[in-house]
Amino acid sequence: MRTRHTRAAGAVAMLATAALLATACGTGGGDADADDAEAQNTATTTSATAEAGSSENRLAVAYENGIAVLDGETLEVIEEFETEEFTRLNAFGDGETVLVTTSDGFQVLDTSVPELTDLVIEAETPAHVVRHAGKTVLYDDGTSDTFVFDTAALADAEGELPEFETIPGDQAHHGVSIVLTDGTFLTTIGDDEGRTGAFAVDADGEEIARNEECPGIHGEGTAAGETVTFGCEDGALVYKDGEFEKLTAPDEYGRMGNAYVSEDSPLVVGDYKDDPDAESVLLTKIALIDTEAGTHEVVDLPEGVGYTWRDVVRGPNDMAYLLGTDGAIHVIDPATGAISESYDVIDPWEGPAEWQDAHPSIVVNGDIAYVSEPAKNTVYAVDLTTGEVVASGQTPGAPNEMAVALG
């Protein structure tokens, strides 16, 4: 049962503090918006590699009907779990927990045991998970409700779901929310016909900013100075110092769906699509955003290098690291788009027919990147400072999504 009291004006009308009942995992397929589901687990880079062999250095890998937990140093499989045919994985941020999206909601995977628990944060359509400033924020596309956790609370709850805030949404849409250090709550605006922008509410429940000039708003990333960037179908929307600023793309249709950020840098790298009718999910351009200068530029990748939303991370020295269809990790300067190094890791690959299909991807934990090669049922650990492959391991099925138990 939920009890509610006033939180905010505008689309967010009330707030609740509640603990949802734990439920068993269902057996249906966990669906997401096929056009806009890319950035569910977009995360900022961590500052240091976790201690080898600890639960903080464990990697969860999803494959058809299953999840494996791997040791982050050796990439040996520690445990396997049966699950739904297609699931998504999200680091919770406490060094132990990964959330698994299922048809019932966000299911808790404890990588320290490891155990796929019966704890589920119920959601009609579980979607984005955002970690920032000691909070982990979950978004339910089916209701537009937002669930706000203290990131440390779940690991301390000893087998139960901790209390958390439920911020009711206004109209259901594929959205995302974030809570800043001072309590400011940002969330997207939309309905079943589309998404138009975002608004911000302060800790006292007063709306302080709104912008509805961001068609198809999607994704979120927090750069230096708690500057939040959202992607639009014609550029990007930046929230800074209590105000929104719209940055326009150079193309009439210039969609950014994901923001790849470092919280130590004002520079944001975005994926970029300039053809609304393109059937392939492969992309060949990136967006470069300077949140201090208020600029938005687009850079072409070298010929023969494509990527998807799963193939970009931020890592050492705040650089961007892009896993290309040529099989190499390309080190990209987020200020200029210039490639300084390229590390061959896997065989060349082609883009997936559907976004849900397993295809090569990359996630990062400090200086170490984990790269999947579904064609070989293999995951590699790559030292991003040298390009050296330091470990590899076999997975029980073709690796699809991956998540590190970041802490």
# chains A, B, ... in the order shown; residues from 1 in each chain; ligands from 1
>>> residues_around(residues="Glu226 (chain A)", least_positions_apart="4", cutoff="9 Å", atoms="only C-alpha atoms", output="NGL selection string")
:A and (180-181 or 222 or 239-241 or 263)
>>> closest_atom_pairs(of="region 213-268 of chain A", to="region 190-197 of chain A", cutoff="7 Å", atoms="only C-alpha atoms", output="CSV")
residue,atom,partner,partner_atom,distance
A:Glu213,CA,A:Gly197,CA,5.9
A:Cys214,CA,A:Gly197,CA,4.7
A:Pro215,CA,A:Thr196,CA,4.5
A:Gly216,CA,A:Arg195,CA,4.9
A:Ile217,CA,A:Arg195,CA,5.8
>>> closest_residue(among="A:Thr229, A:Ser361, A:Thr284, A:Ser340", to="Asp311 (chain A)", atoms="only C-alpha atoms")
A:Ser361
>>> residues_around(residues="Leu282 (chain A)", least_positions_apart="3", cutoff="10 Å", atoms="only C-alpha atoms", output="short mmCIF file (atom, residue, chain, number, x, y, z; two decimals) with N, CA and C atoms, in the first residue's frame")
data_model
loop_
_atom_site.label_atom_id
_atom_site.label_comp_id
_atom_site.auth_asym_id
_atom_site.auth_seq_id
_atom_site.Cartn_x
_atom_site.Cartn_y
_atom_site.Cartn_z
N LYS A 273 21.95 10.30 -35.16
CA LYS A 273 21.26 9.72 -36.32
C LYS A 273 20.65 10.85 -37.12
N ALA A 278 16.10 5.42 -41.75
CA ALA A 278 17.12 4.37 -41.83
C ALA A 278 16.63 3.10 -41.14
N GLU A 279 16.77 1.97 -41.82
CA GLU A 279 16.35 0.69 -41.25
C GLU A 279 17.41 0.12 -40.31
N LYS A 285 28.04 8.59 -37.14
CA LYS A 285 28.41 9.93 -36.69
C LYS A 285 28.22 10.02 -35.18
N VAL A 305 33.61 2.34 -40.08
CA VAL A 305 33.40 2.27 -38.63
C VAL A 305 31.97 2.67 -38.29
N GLY A 306 31.17 1.71 -37.89
CA GLY A 306 29.82 1.97 -37.40
C GLY A 306 29.73 1.53 -35.95
N TYR A 307 28.61 1.83 -35.32
CA TYR A 307 28.43 1.48 -33.92
C TYR A 307 26.95 1.54 -33.59
N THR A 308 26.57 1.03 -32.42
CA THR A 308 25.23 1.21 -31.89
C THR A 308 25.33 1.88 -30.52
N TRP A 309 24.15 2.13 -29.91
CA TRP A 309 24.13 2.80 -28.61
C TRP A 309 24.87 2.02 -27.54
N GLY A 324 33.91 -0.17 -32.60
CA GLY A 324 33.42 -0.05 -33.97
C GLY A 324 33.15 -1.39 -34.63
N THR A 325 32.43 -1.34 -35.75
CA THR A 325 32.14 -2.54 -36.51
C THR A 325 33.39 -3.14 -37.15
N GLU A 350 28.68 -7.07 -38.19
CA GLU A 350 27.61 -6.33 -38.83
C GLU A 350 26.56 -5.94 -37.81
N GLY A 351 25.78 -4.91 -38.13
CA GLY A 351 24.75 -4.45 -37.21
C GLY A 351 23.62 -5.45 -37.07
N PRO A 352 22.91 -5.42 -35.94
CA PRO A 352 21.81 -6.35 -35.71
C PRO A 352 20.60 -5.99 -36.55
N ALA A 353 19.77 -7.00 -36.84
CA ALA A 353 18.52 -6.75 -37.57
C ALA A 353 17.54 -5.98 -36.70
N TRP A 355 17.06 -4.09 -32.60
CA TRP A 355 17.89 -3.55 -31.54
C TRP A 355 18.08 -4.53 -30.39
#
>>> closest_atom_pairs(of="region 48-122 of chain A", to="region 380-391 of chain A", cutoff="9 Å", atoms="only C-alpha atoms", output="Markdown table")
| residue | atom | partner | partner_atom | distance |
| --- | --- | --- | --- | --- |
| A:Gly72 | CA | A:Ala381 | CA | 8.0 |
| A:Glu73 | CA | A:Ala391 | CA | 7.1 |
| A:Thr74 | CA | A:Ala391 | CA | 6.0 |
| A:Leu75 | CA | A:Ala391 | CA | 6.7 |
>>> closest_residue(among="A:Leu119, A:Ala293, A:Val345, A:Leu322", to="Ala157 (chain A)", atoms="only C-alpha atoms")
A:Leu119
>>> select_by_dssp(residues="region 150-319 of chain A", states="strand (DSSP E or B)", output="PyMOL selection string")
chain A and resi 150+164-167+177-179+185-191+194-201+207-211+218-223+227-232+234-240+243-248+254-255+259-260+267-273+283+285-290+295-300+307+312-314
>>> closest_residue(among="A:Asp170, A:Glu85, A:Glu303, A:Ala405", to="Ala155 (chain A)", atoms="only C-alpha atoms")
A:Ala405
>>> closest_residue(among="A:His128, A:His359, A:Arg88, A:His218", to="Asn258 (chain A)", atoms="only C-alpha atoms")
A:His218
>>> residues_around(residues="Ala375 (chain A)", least_positions_apart="2", cutoff="10 Å", atoms="only C-alpha atoms", output="MDAnalysis selection string")
chainID A and resid 346:347 349 358:360 372:373 377:378 397:399
>>> closest_residue(among="A:Thr111, A:Ser265, A:Asn57, A:Thr136", to="Thr291 (chain A)", atoms="only C-alpha atoms")
A:Ser265
>>> closest_residue(among="A:Thr336, A:Ala91, A:Glu84, A:Tyr321", to="Ile368 (chain A)", atoms="only C-alpha atoms")
A:Tyr321
>>> residues_around(residues="Phe199 (chain A)", least_positions_apart="4", cutoff="10 Å", atoms="only C-alpha atoms", output="ChimeraX atom specification")
/A:10-12,177,185-189,207-212,239,243-244
>>> write_last_selection(atoms="N, CA and C atoms", output="mmCIF file, in the first residue's frame")
data_model
loop_
_atom_site.group_PDB
_atom_site.id
_atom_site.type_symbol
_atom_site.label_atom_id
_atom_site.label_comp_id
_atom_site.auth_asym_id
_atom_site.auth_seq_id
_atom_site.Cartn_x
_atom_site.Cartn_y
_atom_site.Cartn_z
ATOM 1 N N GLY A 10 2.855 21.005 -11.335
ATOM 2 C CA GLY A 10 2.949 20.554 -12.723
ATOM 3 C C GLY A 10 2.603 19.098 -12.857
ATOM 4 N N ALA A 11 3.357 18.424 -13.730
ATOM 5 C CA ALA A 11 3.046 17.034 -14.045
ATOM 6 C C ALA A 11 3.287 16.103 -12.883
ATOM 7 N N VAL A 12 4.205 16.453 -11.984
ATOM 8 C CA VAL A 12 4.397 15.627 -10.799
ATOM 9 C C VAL A 12 3.548 16.213 -9.690
ATOM 10 N N SER A 177 14.099 10.105 -15.274
ATOM 11 C CA SER A 177 14.162 11.121 -14.218
ATOM 12 C C SER A 177 15.535 11.076 -13.560
ATOM 13 N N PHE A 185 14.530 17.784 -8.798
ATOM 14 C CA PHE A 185 14.018 16.617 -9.511
ATOM 15 C C PHE A 185 13.738 17.008 -10.955
ATOM 16 N N LEU A 186 14.409 16.336 -11.893
ATOM 17 C CA LEU A 186 14.172 16.570 -13.312
ATOM 18 C C LEU A 186 13.502 15.342 -13.909
ATOM 19 N N THR A 187 12.516 15.564 -14.761
ATOM 20 C CA THR A 187 11.844 14.455 -15.415
ATOM 21 C C THR A 187 11.330 14.889 -16.779
ATOM 22 N N THR A 188 11.089 13.924 -17.636
ATOM 23 C CA THR A 188 10.670 14.205 -19.000
ATOM 24 C C THR A 188 9.165 14.448 -19.087
ATOM 25 N N ILE A 189 8.761 15.103 -20.183
ATOM 26 C CA ILE A 189 7.358 15.412 -20.470
ATOM 27 C C ILE A 189 6.941 14.618 -21.703
ATOM 28 N N GLU A 207 8.018 24.222 -9.184
ATOM 29 C CA GLU A 207 8.601 24.095 -10.507
ATOM 30 C C GLU A 207 9.490 25.304 -10.783
ATOM 31 N N ILE A 208 10.729 25.046 -11.205
ATOM 32 C CA ILE A 208 11.682 26.136 -11.398
ATOM 33 C C ILE A 208 12.087 26.313 -12.855
ATOM 34 N N ALA A 209 11.847 25.309 -13.682
ATOM 35 C CA ALA A 209 12.223 25.444 -15.092
ATOM 36 C C ALA A 209 11.458 24.411 -15.908
ATOM 37 N N ARG A 210 11.196 24.767 -17.176
ATOM 38 C CA ARG A 210 10.496 23.865 -18.088
ATOM 39 C C ARG A 210 10.906 24.214 -19.512
ATOM 40 N N ASN A 211 11.050 23.175 -20.337
ATOM 41 C CA ASN A 211 11.324 23.384 -21.752
ATOM 42 C C ASN A 211 10.629 22.284 -22.544
ATOM 43 N N GLU A 212 9.799 22.683 -23.506
ATOM 44 C CA GLU A 212 9.078 21.712 -24.328
ATOM 45 C C GLU A 212 9.467 21.849 -25.798
ATOM 46 N N TYR A 239 20.351 21.204 -18.996
ATOM 47 C CA TYR A 239 19.893 21.868 -17.768
ATOM 48 C C TYR A 239 21.120 22.237 -16.946
ATOM 49 N N GLU A 243 18.327 26.409 -15.210
ATOM 50 C CA GLU A 243 17.719 26.806 -16.479
ATOM 51 C C GLU A 243 17.989 25.752 -17.551
ATOM 52 N N PHE A 244 17.080 25.676 -18.513
ATOM 53 C CA PHE A 244 17.265 24.823 -19.678
ATOM 54 C C PHE A 244 17.804 25.644 -20.846
#
>>> residues_around(residues="Arg131 (chain A)", least_positions_apart="6", cutoff="8 Å", atoms="only C-alpha atoms", output="number ranges by chain")
A: 43, 92-93, 137, 151
>>> write_last_selection(atoms="N, CA, C and O atoms", output="short mmCIF file (atom, residue, chain, number, x, y, z; two decimals), in the first residue's frame")
data_model
loop_
_atom_site.label_atom_id
_atom_site.label_comp_id
_atom_site.auth_asym_id
_atom_site.auth_seq_id
_atom_site.Cartn_x
_atom_site.Cartn_y
_atom_site.Cartn_z
N ALA A 43 25.54 5.20 -18.12
CA ALA A 43 26.14 5.51 -16.82
C ALA A 43 27.35 6.39 -16.99
O ALA A 43 27.99 6.42 -18.02
N PHE A 92 23.08 -0.99 -10.08
CA PHE A 92 22.37 -0.21 -9.09
C PHE A 92 23.28 0.84 -8.46
O PHE A 92 22.81 1.90 -8.04
N GLY A 93 24.59 0.55 -8.39
CA GLY A 93 25.53 1.54 -7.90
C GLY A 93 26.08 1.29 -6.52
O GLY A 93 26.85 2.10 -6.00
N VAL A 137 17.72 6.08 -9.36
CA VAL A 137 16.38 6.51 -9.77
C VAL A 137 15.87 5.59 -10.88
O VAL A 137 16.52 5.46 -11.92
N THR A 151 21.18 4.93 -2.75
CA THR A 151 21.90 3.85 -3.43
C THR A 151 22.43 2.81 -2.46
O THR A 151 22.43 1.61 -2.77
#
>>> residues_around(residues="region 362-364 of chain A", least_positions_apart="2", cutoff="9 Å", atoms="only C-alpha atoms", output="list in words")
Thr45, Thr46, Arg310, Asp311, Val312, Val313, Arg314, Gly315, Tyr321, Leu322, Leu323, Pro360, Gly366, Asp367, Ile368, Ala369, Tyr370, Val371, Ser372, Met402, Ala403 and Val404 of chain A
>>> atom_distance(atom1="CA of Pro396 (chain A)", atom2="CA of Ile329 (chain A)")
24.5 Å
